[in-house]
Structure formats: structure tokens, C-alpha cells
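Everything below concerns the one structure shown next.
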Protein chains: 2
Amino acid sequence: MGIRIGILGYGNLGRGVECAVKQNPDMELAAVFTRRDPEAVSILTEGAAVCQISKVGEWKDKIDVMVLCGGSATDLPVQTPEYAQYFNVVDSFDTHANIPGHFEKVDAAAKANGKVGIISVGWDPGMFSLNRMYANAILPGGQDYTFWGKGVSQGHSDAVRRVPGVKNAKQYTVPVDSALQSVRAGENPELTTRQKHTRECFVVLEEEADGAKVEEAIKTMPNYFADYDTTVHFISEEELNRDHSGIPHGGFVIRSGRTGWEQEHSHVIEYSLKLDSNPEFTASVLVAYARAAYRLAKEGQWGCKTVFDIAPAYLSPKSGEELRRELL
Amino acid sequence: MGIRIGILGYGNLGRGVECAVKQNPDMELAAVFTRRDPEAVSILTEGAAVCQISKVGEWKDKIDVMVLCGGSATDLPVQTPEYAQYFNVVDSFDTHANIPGHFEKVDAAAKANGKVGIISVGWDPGMFSLNRMYANAILPGGQDYTFWGKGVSQGHSDAVRRVPGVKNAKQYTVPVDSALQSVRAGENPELTTRQKHTRECFVVLEEEADGAKVEEAIKTMPNYFADYDTTVHFISEEELNRDHSGIPHGGFVIRSGRTGWEQEHSHVIEYSLKLDSNPEFTASVLVAYARAAYRLAKEGQWGCKTVFDIAPAYLSPKSGEELRRELL
């Protein structure tokens with residue numbers, strides 16, 4: 001029997017977890033939990049159950065790790081501490097500023113109940129954080145840069161859709177290539193928000209909407225667009241569906257730093273991701289950390305962890321011997 | 001008092017460790033051990049001792065972590081198991097095929113004496129291995145690529161210098177850009193040795209040597225050059241010293257893989273290094289892992305470890321709270 005995985009929340013991320021479990025032979029999907037009517041939810045995995053979220057208590061001994069696939073705004077702040085009482089859990093909580101508080105709550109719940117909770121798993125926070133941390137430890141004298149994109153920002157797309165006159169929209173965050181090149185060259189530039197990223201919007205107007213007004217409303221929107229150079233393209237609904245239905249993303253974490261007695265040598269460490277599907281990649285990271293949660297729980301290492309606290313070998317199905325022989 | 005570091009072997013790597021310790025305020029260099037006459041060895045750190053290697057036993061309680069800076073061919077296979085009896089040790093053993101055997105010996109010595117030994121630390125093995133492992137765990141359906149360079153290969157430079165008629169030489173390993181681009185595009189190419197890297201040699205001839213013969217001898221040398229497209233440039237000793245005295249290196253670890261129920265989405269994970277000084281960067285990684293060795297020893301986690309076995313947070317001087325707040 002493989003590691004029994006539960007999925008709580010069956011949107012893009014939950015479906016991504018389902019696909020990732022299929023690629024890992026040491027795991028099996030036990031059940032998907034949903035707020036919707038389970039009869040109305042059709043999943044892809046034969047033999048896995050679909051259950052109303054209220055029935056989750058009945059699965060306490062039938063699931064090794066519950067992967068929480070809700071949103072960071074309202075779902076996870078409540079769900080992760082709650083379900084860490086009953087299950088080993090993994091989440092992708094990504095509100096950076098609230099991570100310390102989230103950690104404390106999940107830690108208390110998990111420790112009190114002999115469970116493991118791994119939070120803020122994905123690529124940022126997640127793999128990007130790991131790479132920032134390793135690079136900082138190796139090059140203490142240096143500077144960090146994170147660039148996002150090219151990719152779809154869900155939050156910014158939503159913001160555009162809320163503008164009166166907008167029927168539908170997709171927003172791409174695009175790193176500025178000249179800034180990226182300067183960082184890669186070890187020039188340690190000081191970059192403003194505007195110098196790091198541009199924003200590109202593809203907008204379907206409502207009939208009779210005033211394009212010029214919509215464009216002005218988008219470009220001057222505080223927090224979301226005012227600090228960026230933003231381009232607005234008006235397209236048809238057909239074009240939007242044909243050319244912009246994917247959820248690609250990615251980005252770059254770069255640290256440049258100096259070594260030598262007089263800091264005479266320069267080094268650049270770069271980690272980058274180019275993702276066709278943001279939710280499926282995030283899900284793949286979640287599933288690797290679900291394996292870690294399972295093993296940490298077997299060892300009795302209760303409490304809340306982040307990617308910083310987990311030895312890399314816990315993520316791999318290979319043994320220590322295999323890892324040393326094949327990947328070191 | 002900081003973590004007391006010892007350096008065993010004071011060549012390029014040992015000097016790199018000395019420089020790295022200077023950049024880490026929680027560490028101090030206690031002593032450098034050398035096979036040479038200590039009077040003839042001048043180090044940079046005020047207040048640190050220089051000792052004959054035979055006196056190392058007297059430092060058993062005055063050093064927290066000994067960083068072993070010998071070579072992988074003959075030094076480390078003997079030194080790491082030997083000194084793991086007396087000290088927590090870190091080495092950069094890089095003969096990939098012999099890592100499993102080295103691990104066993106260091107593990108036995110360290111466990112029997114209540115010490116921690118971390119082996120094969122640096123960038124390959126080391127950071128490249130870590131990135132191969134993380135990427136494999138996240139994208140089980142995928143393919144790995146490692147490219148080295150552009151950088152100086154010490155082994156290949158030595159091989160060129162052994163050719164009759166060669167007075168001095170430097171050899172650069174250069175990744176083939178078109179191969180790199182194909183991998184980055186997620187095309188999963190099958191690449192031969194020749195298609196991945198070229199080799200570029202800068203050679204100073206002995207007086208009266210026959211350039212054509214030397215070039216032929218280099219280009220047909222089995223194992224080192226015969227399987228590659230090799231370019232040989234003849235230059236003067238002055239040019240060699242002026243333009244090729246550095247020890248730059250670097251490279252790329254790329255994994256491309258697919259996700260989705262029908263593997264419909266492609267992803268590319270890339271980690272790259274661009275290093276002005278190969279030994280100083282390797283030394284910087286060794287020093288970060290020396291911190292980990294110190295902490296693991298405090299926790300009584302005896303035995304041999306590799307980068308796979310050590311939670312990232314052990315490398316950082318920051319606390320868990322600081323890491324979550326600043327870098328997650």
C-alpha cells in the first residue's frame with residue numbers, strides 16, 4: 001500500500017495534486033473532499049472517493065497526508081490549523097507577511113495532536129525561498145533579486161475584471177530583460193518596482209464600454225498597476241479563450257555576491273522556473289513534501305515545518321544509498 | 001566565541017575557506033594545518049595558528065569543525081575517515097564513483113567517536129546534486145541535464161601540460177550553446193558527449209616544440225579530448241599569465257519534465273552558477289556546511305551526512321523565525 005493522500009479542495013490546485021499523485025508510484029489517492037455536492041464532482045482517479053468536507057472526520061485513519069488545496073486569503077488560515085488536529089497536512093499558504101502567525105497556529109495544533117504540518121509549499125514561497133536561503137548562506141556578502149514571470153497573475157487578472165466595462169481579462173507579469181541581464185552580469189543594480197517588471201493585460205470589453213476609460217482605470221489602479229509600465233490589449237472573447245486560457249508562470253531567483261580576502265571575486269547563483277501550468281507545478285511540489293510529511297510523522301517529528309526545516313532526502317522516493325550513488 | 005574552524009591543507013581551497021570564514025561573523029579561524037614547514041606558510045588571518053599536521057591531535061578540544069582541503073585523489077580518502085575520529089569534519093570529496101565507499105568509512109569513524117562528517121560538499125557534488133535531487137522529486141517524469149563551464153578544468157589542464165613540448169597550459173570546458181537552448185526549450189534532446197561541451201586549450205610551447213604534433217597529441221588524447229571538439233591556441237607565457245591566471249567555472253543543472261493527467265504540460269527547472277573563483281565558491285559552500293556540522297554535533301546527530309541529509313536551515317546563521325520572516 002502506498003502513502004494514502006487526501007485532497008481537500010478540488011479546484012486547479014487539487015486537480016494538479018491528483019495528477020502528481022498518479023506520477024508517484026509510492027502514493028495513492030484515497031479521497032477528495034469538497035464543499036460542493038460530491039455527486040456533482042467528477043474526479044479522474046479510478047477507485048478514489050469523493051466526499052463532502054463534513055465527512056472528513058471519518059477518514060482520520062484512512063489518510064496518511066491531507067493536501068490542503070484552498071486559497072490563502074480565507075481558506076488556509078482556518079483549514080490548516082483545523083485539519084492539523086486530525087491529519088498530517090501540507091499547504092501552499094502564500095501570504096508572505098502572515099506566514100509567522102500561520103506557522104505558530106499550525107505548530108500548536110500539530111504538536112498537541114502528534115501530527116506534522118508543512119506550510120507554504122510551492123514555488124514562491126517554496127522552491128524560490130529555498131534557493132534564496134541556500135544562496136544567502138553560501139554568499140553572505142551579496143544581494144538578492146527575485147523576478148516573476150512571464151506568467152499569469154490571478155490577483156491582477158481579477159483586479160482587471162473588476163473594472164467597469166471589462167467582461168473578461170488576463171494579466172501577465174513580465175520581467176524586464178535588461179534588468180535581468182544587469183543582475184546576471186553581477187552589476188548589483190538598484191531596481192525600482194517599475195524597472196523590474198512590466199504588466200500586460202488582455203481585455204475583453206463589455207459591449208458599449210469605453211476602451212479609453214477602461215485603459216485609464218487599469219493603468220492608474222493603485223497597488224496593482226500604478227507603479228508599473230502597463231500595456232492594455234483589447235481582444236475578442238474568442239481570442240482570449242484561444243490564446244490566453246493557460247496558466248503559465250515562472251521566474252528567477254538570483255543572488256550575486258563576492259568572495260576573496262578583498263572581495264575581489266564575483267559569483268552569480270541563479271535558479272529559474274519556466275512553467276506551463278502554475279497550479280500543476282505547485283501541486284507537484286506539494287506532493288513531494290507530502291512524502292516528507294509522511295516520513296517525518298513516522299519518525300515522530302511533530303509540529304509545523306517549512307521547506308527550510310526538511311532535509312532534501314525526505315522528498316525523494318529513493319533511499320540514501322540510491323541518492324548518493326545516482327544523484328550526488 | 002564563534003564556531004572554531006580548523007583548515008587542513010592550505011592550497012587554493014584552504015585559502016578560500018579562510019576568506020569565507022572572515023565573511024561569517026559567527027565563526028573564527030582557530031588554526032591552519034599544513035604538511036609544509038609552518039614557518040614557511042604565511043596566512044592572512046591575524047591571531048590564527050599555523051601548525052604542522054602532526055600536531056593536530058593537540059587541537060582536539062580547540063576546534064569545533066575541521067574543514068579538510070586536500071585533494072580527492074589521494075588525500076581525502078585517507079584524511080576524512082582519519083580526522084573524523086577526532087573532529088567534526090567537512091570535505092569536498094568529488095570522485096563521484098567512490099562516494100558510496102567514502103561515505104561508509106567516514107560514517108563508521110564518525111559514529112564510533114561521536115562526531116559528524118559531511119562529505120562531498122561544494123558545487124558538483126554539492127549544490128548541483130541538491131538541485132538534481134529536488135528537481136527529480138518534484139518532476140518524476142522528466143530528464144536531467146548537467147552542463148559545466150565555461151570554466152577551467154584542472155584535470156584537463158594537467159593532462160595538456162603532460163604532453164611533450166608543452167611548457168604550460170590552461171584548458172576551458174565550454175557548454176555548447178545550441179544544446180543548452182534546446183534543453184531550455186523543453187525539447188528533451190538526446191545529446192552525445194561531443195554535442196554537450198567543447199574544449200578550448202591555451203598552450204605555451206617549449207622552445208623548438210612542434211606545434212602541429214602537440215595539437216594532434218592533445219586532440220586525440222583518449223578520455224580527455226578524443227570525444228570532444230577541441231580547439232588549441234598557442235600563446236606566449238606572458239599572455240597565459242595575463243589572460244588565463246584565474247580559476248573561473250560554473251555550469252547549469254536543468255531538469256525538464258511534464259505534468260497533467262495526459263502529461264500535457266511542460267516545465268523547466270534550471271540552476272546555474274557563474275563563478276569567478278571555483279575554489280573560493282567551493283570553500284564558501286564548505287563553510288556553510290561547517291556551520292551545519294557544528295549544530296548537528298550539538299544535537300548528537302553523529303555519523304556521515306551529505307547535502308541530501310541536512311535541512312537547509314542548518315546552513316544559515318539566522319533563526320527559524322528570522323528565516324520564515326525574511327526569506328520564505
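Labels for the C-alpha cells follow display order: chains A, B, ..., residues from 1 in each chain, ligands from 1.
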Neighbours of chain A in chain B at 6 Å, counting only C-alpha atoms, as a PDB file with N, CA, C and O atoms, in the first residue's frame:
```
ATOM      1  N   CYS B  19      39.101  32.884   3.645  1.00  0.00           N
ATOM      2  CA  CYS B  19      38.355  34.083   3.223  1.00  0.00           C
ATOM      3  C   CYS B  19      36.877  33.980   3.594  1.00  0.00           C
ATOM      4  O   CYS B  19      36.251  34.954   4.001  1.00  0.00           O
ATOM      5  N   PRO B 125      30.217  17.506  -6.757  1.00  0.00           N
ATOM      6  CA  PRO B 125      28.995  17.323  -5.977  1.00  0.00           C
ATOM      7  C   PRO B 125      28.740  18.466  -4.994  1.00  0.00           C
ATOM      8  O   PRO B 125      29.661  19.132  -4.574  1.00  0.00           O
ATOM      9  N   SER B 129      24.127  18.676  -7.052  1.00  0.00           N
ATOM     10  CA  SER B 129      23.463  17.435  -6.623  1.00  0.00           C
ATOM     11  C   SER B 129      22.115  17.745  -5.982  1.00  0.00           C
ATOM     12  O   SER B 129      21.104  17.098  -6.263  1.00  0.00           O
ATOM     13  N   ALA B 137      12.582  14.981  -7.479  1.00  0.00           N
ATOM     14  CA  ALA B 137      11.474  14.682  -6.567  1.00  0.00           C
ATOM     15  C   ALA B 137      10.210  15.422  -7.008  1.00  0.00           C
ATOM     16  O   ALA B 137       9.103  14.902  -6.882  1.00  0.00           O
ATOM     17  N   ILE B 138      10.373  16.611  -7.562  1.00  0.00           N
ATOM     18  CA  ILE B 138       9.212  17.414  -7.957  1.00  0.00           C
ATOM     19  C   ILE B 138       8.653  16.957  -9.296  1.00  0.00           C
ATOM     20  O   ILE B 138       7.440  16.895  -9.488  1.00  0.00           O
ATOM     21  N   GLY B 260       0.323  16.866 -15.567  1.00  0.00           N
ATOM     22  CA  GLY B 260      -1.020  16.812 -16.139  1.00  0.00           C
ATOM     23  C   GLY B 260      -1.454  15.367 -16.323  1.00  0.00           C
ATOM     24  O   GLY B 260      -0.617  14.471 -16.381  1.00  0.00           O
ATOM     25  N   TRP B 261      -2.751  15.159 -16.377  1.00  0.00           N
ATOM     26  CA  TRP B 261      -3.277  13.786 -16.452  1.00  0.00           C
ATOM     27  C   TRP B 261      -2.734  13.062 -17.669  1.00  0.00           C
ATOM     28  O   TRP B 261      -2.436  11.873 -17.619  1.00  0.00           O
ATOM     29  N   HIS B 265       1.499  19.223 -19.910  1.00  0.00           N
ATOM     30  CA  HIS B 265       2.205  20.464 -19.601  1.00  0.00           C
ATOM     31  C   HIS B 265       3.686  20.217 -19.353  1.00  0.00           C
ATOM     32  O   HIS B 265       4.056  19.246 -18.697  1.00  0.00           O
ATOM     33  N   SER B 266       4.489  21.138 -19.858  1.00  0.00           N
ATOM     34  CA  SER B 266       5.935  21.009 -19.758  1.00  0.00           C
ATOM     35  C   SER B 266       6.495  22.047 -18.777  1.00  0.00           C
ATOM     36  O   SER B 266       5.971  23.156 -18.668  1.00  0.00           O
ATOM     37  N   HIS B 267       7.546  21.672 -18.084  1.00  0.00           N
ATOM     38  CA  HIS B 267       8.168  22.569 -17.105  1.00  0.00           C
ATOM     39  C   HIS B 267       9.673  22.456 -17.206  1.00  0.00           C
ATOM     40  O   HIS B 267      10.191  21.369 -17.472  1.00  0.00           O
ATOM     41  N   VAL B 268      10.355  23.562 -16.970  1.00  0.00           N
ATOM     42  CA  VAL B 268      11.814  23.538 -16.970  1.00  0.00           C
ATOM     43  C   VAL B 268      12.314  24.189 -15.680  1.00  0.00           C
ATOM     44  O   VAL B 268      11.953  25.320 -15.362  1.00  0.00           O
ATOM     45  N   ILE B 269      13.131  23.418 -14.938  1.00  0.00           N
ATOM     46  CA  ILE B 269      13.776  23.908 -13.719  1.00  0.00           C
ATOM     47  C   ILE B 269      15.260  24.059 -14.036  1.00  0.00           C
ATOM     48  O   ILE B 269      15.877  23.106 -14.509  1.00  0.00           O
ATOM     49  N   GLU B 270      15.796  25.230 -13.792  1.00  0.00           N
ATOM     50  CA  GLU B 270      17.209  25.441 -14.123  1.00  0.00           C
ATOM     51  C   GLU B 270      17.948  26.079 -12.950  1.00  0.00           C
ATOM     52  O   GLU B 270      17.462  27.019 -12.329  1.00  0.00           O
ATOM     53  N   TYR B 271      19.129  25.549 -12.665  1.00  0.00           N
ATOM     54  CA  TYR B 271      20.013  26.122 -11.643  1.00  0.00           C
ATOM     55  C   TYR B 271      21.342  26.375 -12.312  1.00  0.00           C
ATOM     56  O   TYR B 271      21.852  25.499 -13.004  1.00  0.00           O
ATOM     57  N   SER B 272      21.876  27.561 -12.145  1.00  0.00           N
ATOM     58  CA  SER B 272      23.161  27.820 -12.792  1.00  0.00           C
ATOM     59  C   SER B 272      24.083  28.621 -11.893  1.00  0.00           C
ATOM     60  O   SER B 272      23.643  29.363 -11.003  1.00  0.00           O
ATOM     61  N   LEU B 273      25.356  28.443 -12.117  1.00  0.00           N
ATOM     62  CA  LEU B 273      26.394  29.139 -11.374  1.00  0.00           C
ATOM     63  C   LEU B 273      27.359  29.795 -12.347  1.00  0.00           C
ATOM     64  O   LEU B 273      27.717  29.192 -13.366  1.00  0.00           O
ATOM     65  N   LYS B 274      27.753  31.006 -12.037  1.00  0.00           N
ATOM     66  CA  LYS B 274      28.787  31.687 -12.811  1.00  0.00           C
ATOM     67  C   LYS B 274      29.809  32.190 -11.801  1.00  0.00           C
ATOM     68  O   LYS B 274      29.535  33.132 -11.055  1.00  0.00           O
ATOM     69  N   LEU B 275      30.968  31.529 -11.757  1.00  0.00           N
ATOM     70  CA  LEU B 275      31.904  31.711 -10.655  1.00  0.00           C
ATOM     71  C   LEU B 275      33.226  32.287 -11.130  1.00  0.00           C
ATOM     72  O   LEU B 275      33.890  31.708 -11.990  1.00  0.00           O
ATOM     73  N   ASP B 276      33.622  33.391 -10.528  1.00  0.00           N
ATOM     74  CA  ASP B 276      34.951  33.946 -10.809  1.00  0.00           C
ATOM     75  C   ASP B 276      36.060  33.059 -10.267  1.00  0.00           C
ATOM     76  O   ASP B 276      37.141  32.988 -10.840  1.00  0.00           O
ATOM     77  N   SER B 284      33.188  28.510   0.112  1.00  0.00           N
ATOM     78  CA  SER B 284      32.034  29.173   0.734  1.00  0.00           C
ATOM     79  C   SER B 284      30.927  28.167   1.050  1.00  0.00           C
ATOM     80  O   SER B 284      30.236  28.288   2.064  1.00  0.00           O
ATOM     81  N   VAL B 285      30.775  27.172   0.189  1.00  0.00           N
ATOM     82  CA  VAL B 285      29.799  26.116   0.468  1.00  0.00           C
ATOM     83  C   VAL B 285      30.285  25.275   1.647  1.00  0.00           C
ATOM     84  O   VAL B 285      29.510  24.942   2.563  1.00  0.00           O
ATOM     85  N   ALA B 288      29.539  27.035   4.916  1.00  0.00           N
ATOM     86  CA  ALA B 288      28.122  26.980   5.307  1.00  0.00           C
ATOM     87  C   ALA B 288      27.796  25.600   5.901  1.00  0.00           C
ATOM     88  O   ALA B 288      27.074  25.491   6.906  1.00  0.00           O
ATOM     89  N   PHE B 308      22.230  15.913   0.977  1.00  0.00           N
ATOM     90  CA  PHE B 308      20.845  15.427   0.934  1.00  0.00           C
ATOM     91  C   PHE B 308      20.242  15.259   2.323  1.00  0.00           C
ATOM     92  O   PHE B 308      19.025  15.255   2.477  1.00  0.00           O
ATOM     93  N   ASP B 309      21.113  15.062   3.312  1.00  0.00           N
ATOM     94  CA  ASP B 309      20.656  14.676   4.646  1.00  0.00           C
ATOM     95  C   ASP B 309      20.473  15.843   5.589  1.00  0.00           C
ATOM     96  O   ASP B 309      20.122  15.639   6.752  1.00  0.00           O
ATOM     97  N   ILE B 310      20.743  17.048   5.127  1.00  0.00           N
ATOM     98  CA  ILE B 310      20.819  18.190   6.041  1.00  0.00           C
ATOM     99  C   ILE B 310      19.759  19.234   5.696  1.00  0.00           C
ATOM    100  O   ILE B 310      19.726  19.762   4.577  1.00  0.00           O
ATOM    101  N   ALA B 311      18.888  19.515   6.664  1.00  0.00           N
ATOM    102  CA  ALA B 311      17.846  20.514   6.445  1.00  0.00           C
ATOM    103  C   ALA B 311      18.502  21.863   6.151  1.00  0.00           C
ATOM    104  O   ALA B 311      19.463  22.250   6.824  1.00  0.00           O
ATOM    105  N   PRO B 312      17.996  22.573   5.141  1.00  0.00           N
ATOM    106  CA  PRO B 312      18.620  23.839   4.726  1.00  0.00           C
ATOM    107  C   PRO B 312      18.861  24.820   5.868  1.00  0.00           C
ATOM    108  O   PRO B 312      19.898  25.503   5.885  1.00  0.00           O
ATOM    109  N   ALA B 313      17.956  24.885   6.834  1.00  0.00           N
ATOM    110  CA  ALA B 313      18.086  25.882   7.906  1.00  0.00           C
ATOM    111  C   ALA B 313      19.394  25.733   8.681  1.00  0.00           C
ATOM    112  O   ALA B 313      19.892  26.714   9.245  1.00  0.00           O
ATOM    113  N   LEU B 315      22.246  25.554   7.590  1.00  0.00           N
ATOM    114  CA  LEU B 315      23.347  26.281   6.943  1.00  0.00           C
ATOM    115  C   LEU B 315      23.361  27.760   7.286  1.00  0.00           C
ATOM    116  O   LEU B 315      24.361  28.444   7.040  1.00  0.00           O
ATOM    117  N   SER B 316      22.249  28.263   7.771  1.00  0.00           N
ATOM    118  CA  SER B 316      22.095  29.705   7.919  1.00  0.00           C
ATOM    119  C   SER B 316      22.359  30.149   9.345  1.00  0.00           C
ATOM    120  O   SER B 316      21.966  29.474  10.296  1.00  0.00           O
ATOM    121  N   LEU B 327      12.990  35.256   4.485  1.00  0.00           N
ATOM    122  CA  LEU B 327      13.382  34.558   3.258  1.00  0.00           C
ATOM    123  C   LEU B 327      12.337  33.597   2.702  1.00  0.00           C
ATOM    124  O   LEU B 327      12.452  33.135   1.579  1.00  0.00           O
ATOM    125  N   LEU B 328      11.296  33.277   3.501  1.00  0.00           N
ATOM    126  CA  LEU B 328      10.282  32.347   2.989  1.00  0.00           C
ATOM    127  C   LEU B 328       9.368  33.065   2.009  1.00  0.00           C
ATOM    128  O   LEU B 328       9.129  32.613   0.923  1.00  0.00           O
TER     129      LEU B 328
END
```
Give me the residues within 10 Å of segment 74-79 of chain B as a compact mmCIF listing (two decimals) with C-alpha atoms, in the first residue's frame, counting only C-alpha atoms and dropping any in the same chain fewer than 3 places off.
```txt
# COMPACT_ATOMS: atom_id res chain seq x y z
CA LEU B 8 43.66 21.18 6.99
CA GLY B 9 45.63 21.84 3.80
CA LEU B 68 39.56 19.24 5.00
CA CYS B 69 41.03 20.96 1.97
CA GLY B 70 43.05 18.16 0.39
CA GLY B 71 42.51 16.54 -2.97
CA GLU B 82 41.12 9.51 9.94
CA TYR B 83 40.24 13.00 11.19
CA ALA B 84 36.56 12.11 11.71
CA VAL B 89 34.80 17.29 9.56
CA ASP B 91 35.20 17.66 2.90
CA SER B 92 34.72 18.25 -0.81
CA PHE B 93 35.37 14.67 -1.97
CA ASP B 94 34.38 14.74 -5.63
CA THR B 95 35.21 11.36 -7.16
CA ASN B 98 33.76 6.39 -4.99
CA ILE B 99 31.33 8.40 -2.87
CA GLY B 101 32.60 3.74 -0.23
CA HIS B 102 33.91 7.01 1.20
CA PHE B 103 30.58 7.54 2.96
CA LYS B 105 34.27 4.71 6.01
CA VAL B 106 33.56 8.21 7.29
CA ILE B 119 31.28 14.74 2.67
```
Every residue of segment 23-212 of chain B that DSSP places in strand (DSSP E), as a PyMOL selection string: chain B and resi 27-34+49-52+65-68+88-90+116-118+142-148+151-152+166-175+197-205
With a distance cut-off of 7 Å and only C-alpha atoms, select the neighbouring residues of segment 202-211 of chain B, excluding the residue or stretch itself and same-chain residues fewer than 5 positions from it, and output the selection as a PyMOL selection string. chain B and resi 165-171+232-237
